[in-house]
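Enquirer: Submitted below is the structure of interest, expressed as structure tokens.
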Amino acid sequence: MKEEILVADDDKMDRFLVRKVLEENGFAVLEAGSGKETLKKSRERMPALLILDMNLGDFSGLDICAAIKNDNRIANMPILVLTGDHETGQNISCFDQGADDYMTKPFDRMELAARAKAILRRVNYAGGQKNILEREGISIDVGQRVVLLKDRKIENLTPKEFDLLYLLMKNSPNLVGRNLLAKKVWDRQVEIINERTIDVHVRRIRLKLGEAALGRLVTVPGSGYKFI
């Protein structure tokens, strides 16, 4: 699965140039042309990295940095500032607001790719932000609590459904009994939560995964479930 990078710049040509470099280096690329769109896509897609221009029209890059670092869901998302502003002290302001690196335009293509890769290596090494569990075309980003089906985000999983799917995939292909599911997901004994509760949640997961769940999310009558 390709790591996804969000490029935020109000200049369409600059976005195109950055996209071209990133795609040539094996990344998937999202684009945003305004501050509002940047925050929306950051929260919806939780990209591995944000490459951010300092002047987005409706918001400054510093405002975007501050908004991201104050949002618990995306506060750990790394930010590479790429800007045409050569003003002395601008880079210090960016770092103060939480940016991880800073480059000025025009940029060297090889340097941009190298810096993006270096940031992602540091993030992956430091805290497992991209702790990915993959089984049969289904990927779970454990840190971000995101489920992807062939690079398409499954938008509507509830927290309990996420936890249940993760537990089954983590233990694949072994059976996970009802008692363990009840304890790990609900922190209750199975008699307390009602066995039907587990059945309903598994059925909803199957519906949301569609064909990807066929023959993979399996019921073992009287015992539990397993992901094959």
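Chain identifiers are assigned as A, B, and so on, following the order in which chains appear in the structure tokens; residues are numbered from 1 within each chain, and ligands are numbered from 1 in order of appearance.
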Dump as a Markdown table the rows for residues of region 49-155 of chain A within 10 Å of region 160-173 of chain A: closest atom pair and distance in Å with one decimal, only C-alpha atoms counted, ordered by chain and rising residue number.

Expert:
```
| residue | atom | partner | partner_atom | distance |
| --- | --- | --- | --- | --- |
| A:Leu133 | CA | A:Lys170 | CA | 7.3 |
| A:Glu134 | CA | A:Met169 | CA | 8.1 |
| A:Arg135 | CA | A:Met169 | CA | 6.9 |
| A:Glu136 | CA | A:Met169 | CA | 9.8 |
| A:Ile138 | CA | A:Met169 | CA | 9.2 |
| A:Ser139 | CA | A:Met169 | CA | 9.5 |
| A:Ile140 | CA | A:Tyr166 | CA | 7.2 |
| A:Asp141 | CA | A:Tyr166 | CA | 9.7 |
| A:Val142 | CA | A:Tyr166 | CA | 8.2 |
| A:Arg145 | CA | A:Phe162 | CA | 7.4 |
| A:Val146 | CA | A:Phe162 | CA | 8.2 |
| A:Val147 | CA | A:Phe162 | CA | 7.8 |
```

Enquirer: Go through region 61-158 of chain A and collect every residue that DSSP, computed from the backbone, puts in alpha helix (DSSP H); the answer should be as a ChimeraX atom specification.

Expert: /A:61-69,90-96,109-127

Enquirer: Print the selection's residues with N, CA and C atoms to a file, as a short mmCIF file (atom, residue, chain, number, x, y, z; two decimals), in the first residue's frame.

Expert:
```
data_model
loop_
_atom_site.label_atom_id
_atom_site.label_comp_id
_atom_site.auth_asym_id
_atom_site.auth_seq_id
_atom_site.Cartn_x
_atom_site.Cartn_y
_atom_site.Cartn_z
N GLY A 61 -0.08 29.32 6.31
CA GLY A 61 0.47 28.01 6.66
C GLY A 61 0.68 27.86 8.16
N LEU A 62 1.03 28.95 8.83
CA LEU A 62 1.22 28.89 10.28
C LEU A 62 -0.10 28.56 10.98
N ASP A 63 -1.20 29.13 10.48
CA ASP A 63 -2.51 28.82 11.05
C ASP A 63 -2.84 27.34 10.87
N ILE A 64 -2.50 26.80 9.69
CA ILE A 64 -2.77 25.38 9.43
C ILE A 64 -1.94 24.50 10.36
N CYS A 65 -0.66 24.83 10.52
CA CYS A 65 0.19 24.07 11.44
C CYS A 65 -0.41 24.05 12.84
N ALA A 66 -0.82 25.21 13.32
CA ALA A 66 -1.38 25.31 14.67
C ALA A 66 -2.66 24.50 14.80
N ALA A 67 -3.54 24.57 13.78
CA ALA A 67 -4.80 23.83 13.82
C ALA A 67 -4.56 22.33 13.86
N ILE A 68 -3.59 21.86 13.10
CA ILE A 68 -3.28 20.43 13.06
C ILE A 68 -2.72 19.96 14.40
N LYS A 69 -1.80 20.72 14.95
CA LYS A 69 -1.16 20.31 16.20
C LYS A 69 -2.10 20.40 17.39
N GLN A 90 11.31 33.08 8.92
CA GLN A 90 10.09 32.33 8.58
C GLN A 90 10.20 30.86 8.97
N ASN A 91 11.40 30.29 8.74
CA ASN A 91 11.58 28.88 9.08
C ASN A 91 11.47 28.65 10.58
N ILE A 92 11.96 29.62 11.38
CA ILE A 92 11.86 29.47 12.84
C ILE A 92 10.40 29.47 13.28
N SER A 93 9.60 30.36 12.67
CA SER A 93 8.17 30.40 13.00
C SER A 93 7.49 29.09 12.66
N CYS A 94 7.87 28.49 11.54
CA CYS A 94 7.27 27.21 11.14
C CYS A 94 7.61 26.12 12.15
N PHE A 95 8.86 26.05 12.55
CA PHE A 95 9.26 25.04 13.53
C PHE A 95 8.57 25.27 14.86
N ASP A 96 8.40 26.54 15.23
CA ASP A 96 7.70 26.85 16.49
C ASP A 96 6.27 26.35 16.47
N ARG A 109 14.35 18.65 -7.08
CA ARG A 109 13.46 17.49 -7.08
C ARG A 109 13.99 16.35 -6.21
N MET A 110 15.26 16.06 -6.34
CA MET A 110 15.84 14.96 -5.58
C MET A 110 15.85 15.27 -4.08
N GLU A 111 16.11 16.54 -3.76
CA GLU A 111 16.14 16.93 -2.35
C GLU A 111 14.74 16.83 -1.72
N LEU A 112 13.72 17.26 -2.47
CA LEU A 112 12.35 17.17 -1.95
C LEU A 112 11.98 15.73 -1.66
N ALA A 113 12.25 14.84 -2.59
CA ALA A 113 11.93 13.43 -2.39
C ALA A 113 12.71 12.86 -1.21
N ALA A 114 13.98 13.23 -1.11
CA ALA A 114 14.81 12.72 -0.02
C ALA A 114 14.31 13.20 1.33
N ARG A 115 13.90 14.46 1.41
CA ARG A 115 13.43 15.01 2.69
C ARG A 115 12.10 14.37 3.10
N ALA A 116 11.22 14.17 2.13
CA ALA A 116 9.94 13.51 2.43
C ALA A 116 10.18 12.10 2.97
N LYS A 117 11.07 11.36 2.32
CA LYS A 117 11.36 9.99 2.77
C LYS A 117 12.01 10.00 4.15
N ALA A 118 12.88 10.96 4.39
CA ALA A 118 13.56 11.03 5.69
C ALA A 118 12.57 11.29 6.82
N ILE A 119 11.61 12.19 6.58
CA ILE A 119 10.59 12.48 7.60
C ILE A 119 9.78 11.23 7.90
N LEU A 120 9.37 10.53 6.85
CA LEU A 120 8.55 9.34 7.05
C LEU A 120 9.32 8.23 7.74
N ARG A 121 10.60 8.11 7.46
CA ARG A 121 11.42 7.12 8.17
C ARG A 121 11.49 7.45 9.65
N ARG A 122 11.65 8.73 9.98
CA ARG A 122 11.73 9.14 11.38
C ARG A 122 10.41 8.85 12.10
N VAL A 123 9.31 9.16 11.42
CA VAL A 123 7.99 8.92 12.03
C VAL A 123 7.77 7.45 12.27
N ASN A 124 8.07 6.64 11.29
CA ASN A 124 7.85 5.20 11.42
C ASN A 124 8.73 4.59 12.50
N TYR A 125 9.95 5.06 12.59
CA TYR A 125 10.88 4.54 13.59
C TYR A 125 10.50 4.99 15.00
N ALA A 126 10.09 6.25 15.11
CA ALA A 126 9.88 6.84 16.43
C ALA A 126 8.68 6.29 17.16
N GLY A 127 7.58 6.05 16.47
CA GLY A 127 6.42 5.68 17.26
C GLY A 127 5.46 4.73 16.60
#
```

Enquirer: Would you kindly return, as a list of chain:residue names, each protein, DNA or RNA residue with an atom no farther than 12 Å from any atom of Asp199 (chain A), considering only C-alpha atoms and excluding same-chain residues fewer than 4 positions away?

Expert: A:Glu161, A:Leu164, A:Arg178, A:Leu181, A:Ala182, A:Val190, A:Ile193, A:Asn194, A:Glu195, A:Arg203, A:Arg204, A:Ile205, A:Arg206, A:Leu217, A:Val218, A:Thr219, A:Val220, A:Pro221, A:Gly222, A:Ser223, A:Gly224, A:Tyr225

Enquirer: What would the file look like if the residues just selected were written as a short mmCIF file (atom, residue, chain, number, x, y, z; two decimals), in the first residue's frame with C-alpha atoms?

Expert:
```cif
data_model
loop_
_atom_site.label_atom_id
_atom_site.label_comp_id
_atom_site.auth_asym_id
_atom_site.auth_seq_id
_atom_site.Cartn_x
_atom_site.Cartn_y
_atom_site.Cartn_z
CA GLU A 161 -16.34 -2.70 14.94
CA LEU A 164 -13.33 -6.41 16.67
CA ARG A 178 -16.55 -15.32 22.12
CA LEU A 181 -13.83 -11.07 22.05
CA ALA A 182 -16.13 -9.92 24.84
CA VAL A 190 -19.81 -12.69 27.30
CA ILE A 193 -22.88 -8.22 27.00
CA ASN A 194 -25.18 -10.82 25.37
CA GLU A 195 -23.79 -13.06 22.62
CA ARG A 203 -22.66 -8.85 10.59
CA ARG A 204 -22.21 -5.08 10.28
CA ILE A 205 -18.50 -5.49 9.57
CA ARG A 206 -19.34 -7.98 6.80
CA LEU A 217 -14.70 -13.47 8.17
CA VAL A 218 -15.92 -16.89 9.23
CA THR A 219 -18.31 -17.97 11.98
CA VAL A 220 -17.39 -21.08 13.96
CA PRO A 221 -20.76 -22.16 15.43
CA GLY A 222 -20.80 -22.32 19.20
CA SER A 223 -17.23 -21.07 19.51
CA GLY A 224 -16.44 -17.72 17.93
CA TYR A 225 -14.99 -16.23 14.76
#
```

Enquirer: I'd like the contact shell of Gly137 (chain A) - 10 Å cut-off, only C-alpha atoms, skipping same-chain residues fewer than 3 positions apart - returned as a JSON list (two decimals) with all heavy atoms, in the first residue's frame.

Expert:
```
[["chain", "number", "residue", "atom", "x", "y", "z"],
["A", 1, "MET", "N", 0.84, -1.20, 0.00],
["A", 1, "MET", "CA", 0.00, 0.00, 0.00],
["A", 1, "MET", "C", 0.88, 1.25, 0.00],
["A", 1, "MET", "O", 1.78, 1.38, 0.82],
["A", 1, "MET", "CB", -0.90, 0.02, 1.23],
["A", 1, "MET", "CG", -1.87, 1.16, 1.26],
["A", 1, "MET", "SD", -2.96, 1.09, 2.72],
["A", 1, "MET", "CE", -1.76, 1.31, 4.03],
["A", 134, "GLU", "N", -1.91, -5.99, 7.60],
["A", 134, "GLU", "CA", -2.50, -6.27, 6.29],
["A", 134, "GLU", "C", -2.86, -7.74, 6.17],
["A", 134, "GLU", "O", -2.05, -8.62, 6.48],
["A", 134, "GLU", "CB", -1.54, -5.87, 5.17],
["A", 134, "GLU", "CG", -1.23, -4.39, 5.11],
["A", 134, "GLU", "CD", -0.45, -4.01, 3.87],
["A", 134, "GLU", "OE1", -0.99, -4.14, 2.76],
["A", 134, "GLU", "OE2", 0.71, -3.59, 4.02],
["A", 148, "LEU", "N", -8.46, 0.31, 5.48],
["A", 148, "LEU", "CA", -8.42, 0.53, 4.04],
["A", 148, "LEU", "C", -8.70, -0.78, 3.31],
["A", 148, "LEU", "O", -8.17, -1.82, 3.68],
["A", 148, "LEU", "CB", -7.06, 1.07, 3.60],
["A", 148, "LEU", "CG", -6.65, 2.43, 4.15],
["A", 148, "LEU", "CD1", -5.23, 2.75, 3.74],
["A", 148, "LEU", "CD2", -7.59, 3.52, 3.64],
["A", 149, "LEU", "N", -9.51, -0.70, 2.30],
["A", 149, "LEU", "CA", -9.82, -1.83, 1.45],
["A", 149, "LEU", "C", -9.29, -1.52, 0.06],
["A", 149, "LEU", "O", -9.86, -0.72, -0.67],
["A", 149, "LEU", "CB", -11.33, -2.09, 1.41],
["A", 149, "LEU", "CG", -11.82, -3.23, 0.52],
["A", 149, "LEU", "CD1", -11.17, -4.54, 0.94],
["A", 149, "LEU", "CD2", -13.34, -3.34, 0.59],
["A", 150, "LYS", "N", -8.13, -2.08, -0.27],
["A", 150, "LYS", "CA", -7.45, -1.79, -1.54],
["A", 150, "LYS", "C", -7.31, -0.29, -1.74],
["A", 150, "LYS", "O", -7.70, 0.27, -2.77],
["A", 150, "LYS", "CB", -8.20, -2.44, -2.70],
["A", 150, "LYS", "CG", -8.20, -3.97, -2.64],
["A", 150, "LYS", "CD", -8.94, -4.58, -3.81],
["A", 150, "LYS", "CE", -8.90, -6.10, -3.73],
["A", 150, "LYS", "NZ", -9.66, -6.73, -4.84],
["A", 151, "ASP", "N", -6.78, 0.39, -0.73],
["A", 151, "ASP", "CA", -6.51, 1.84, -0.73],
["A", 151, "ASP", "C", -7.76, 2.69, -0.61],
["A", 151, "ASP", "O", -7.68, 3.92, -0.64],
["A", 151, "ASP", "CB", -5.73, 2.27, -1.97],
["A", 151, "ASP", "CG", -4.32, 1.71, -1.96],
["A", 151, "ASP", "OD1", -3.82, 1.33, -0.89],
["A", 151, "ASP", "OD2", -3.71, 1.66, -3.05],
["A", 212, "ALA", "N", -15.09, -8.31, 0.22],
["A", 212, "ALA", "CA", -13.81, -8.60, 0.86],
["A", 212, "ALA", "C", -13.97, -9.50, 2.08],
["A", 212, "ALA", "O", -13.02, -10.17, 2.50],
["A", 212, "ALA", "CB", -13.13, -7.29, 1.28]]
```

Enquirer: Taking 2 positions as the minimum chain separation for residues in the same chain, which residues sit within 8 Å of region 26-29 of chain A when counting only C-alpha atoms? Answer as a list in words.

Expert: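 Contacts, in chain order: Lys2, Glu3, Glu4, Ile5, Leu6, Val7, Arg19, Leu22, Glu23, Glu24 and Glu31 of chain A.
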
Enquirer: Residues of region 18-157 of chain A classed as strand (DSSP E) by DSSP on the backbone are to be reported as a ChimeraX atom specification.

Expert: /A:28-32,49-52,79-83,101-104,132-135,138-141,146-149,152-153

Enquirer: What gap, in Å, lies between CA of Met103 (chain A) and CA of Gln144 (chain A)?

Expert: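 CA of Met103 (chain A) sits 27.0 Å away from CA of Gln144 (chain A).
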
Enquirer: Have a look at CA of Leu56 (chain A) and CA of Gly35 (chain A) and let me know their distance in Å, one decimal.

Expert: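 Interatomic distance here is 5.6 Å.
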
Enquirer: Kindly give the distance, in Å, that separates CA of Met54 (chain A) and CA of Asn25 (chain A), rounded to a single decimal.

Expert: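 Calculated distance between CA of Met54 (chain A) and CA of Asn25 (chain A) is 24.0 Å.
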
Enquirer: What's around Gly84 (chain A) at 8 Å? Count only C-alpha atoms, leave out sequence neighbours fewer than 4 positions away in its own chain, and write the answer as an mmCIF file with C-alpha atoms, in the first residue's frame.

Expert:
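The resulting out_35.cif:
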```
data_model
loop_
_atom_site.group_PDB
_atom_site.id
_atom_site.type_symbol
_atom_site.label_atom_id
_atom_site.label_comp_id
_atom_site.auth_asym_id
_atom_site.auth_seq_id
_atom_site.Cartn_x
_atom_site.Cartn_y
_atom_site.Cartn_z
ATOM 1 C CA ASP A 53 2.772 26.150 1.378
ATOM 2 C CA THR A 104 12.076 27.134 -0.175
ATOM 3 C CA LYS A 105 11.016 27.327 -3.807
ATOM 4 C CA PRO A 106 12.287 26.713 -6.387
#
```

Enquirer: Can you pull out every residue within 9 Å of Asp58 (chain A), counting only C-alpha atoms, but drop anything in the same chain fewer than 3 positions away, and send it as an MDAnalysis selection string?

Expert: chainID A and resid 34:36 55

Enquirer: Keeping all heavy atoms, export the residues of the selection given above as an mmCIF file, in the first residue's frame.

Expert:
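Saved to selection14.cif:
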```
data_model
loop_
_atom_site.group_PDB
_atom_site.id
_atom_site.type_symbol
_atom_site.label_atom_id
_atom_site.label_comp_id
_atom_site.auth_asym_id
_atom_site.auth_seq_id
_atom_site.Cartn_x
_atom_site.Cartn_y
_atom_site.Cartn_z
ATOM 1 N N SER A 34 -6.613 25.181 -0.757
ATOM 2 C CA SER A 34 -6.961 26.191 0.244
ATOM 3 C C SER A 34 -6.719 25.631 1.634
ATOM 4 O O SER A 34 -6.558 24.412 1.815
ATOM 5 C CB SER A 34 -8.422 26.603 0.108
ATOM 6 O OG SER A 34 -9.277 25.524 0.469
ATOM 7 N N GLY A 35 -6.714 26.525 2.619
ATOM 8 C CA GLY A 35 -6.534 26.075 3.991
ATOM 9 C C GLY A 35 -7.689 25.216 4.460
ATOM 10 O O GLY A 35 -7.490 24.197 5.134
ATOM 11 N N LYS A 36 -8.905 25.607 4.118
ATOM 12 C CA LYS A 36 -10.088 24.849 4.516
ATOM 13 C C LYS A 36 -10.051 23.431 3.951
ATOM 14 O O LYS A 36 -10.331 22.450 4.652
ATOM 15 C CB LYS A 36 -11.351 25.570 4.047
ATOM 16 C CG LYS A 36 -12.645 24.907 4.481
ATOM 17 C CD LYS A 36 -13.856 25.727 4.032
ATOM 18 C CE LYS A 36 -15.158 25.072 4.471
ATOM 19 N NZ LYS A 36 -16.337 25.860 4.022
ATOM 20 N N ASN A 55 1.244 30.238 2.096
ATOM 21 C CA ASN A 55 0.182 31.176 1.721
ATOM 22 C C ASN A 55 -0.907 30.435 0.955
ATOM 23 O O ASN A 55 -0.753 30.138 -0.226
ATOM 24 C CB ASN A 55 0.753 32.311 0.863
ATOM 25 C CG ASN A 55 1.825 33.098 1.596
ATOM 26 O OD1 ASN A 55 1.564 33.722 2.613
ATOM 27 N ND2 ASN A 55 3.056 33.048 1.080
#
```
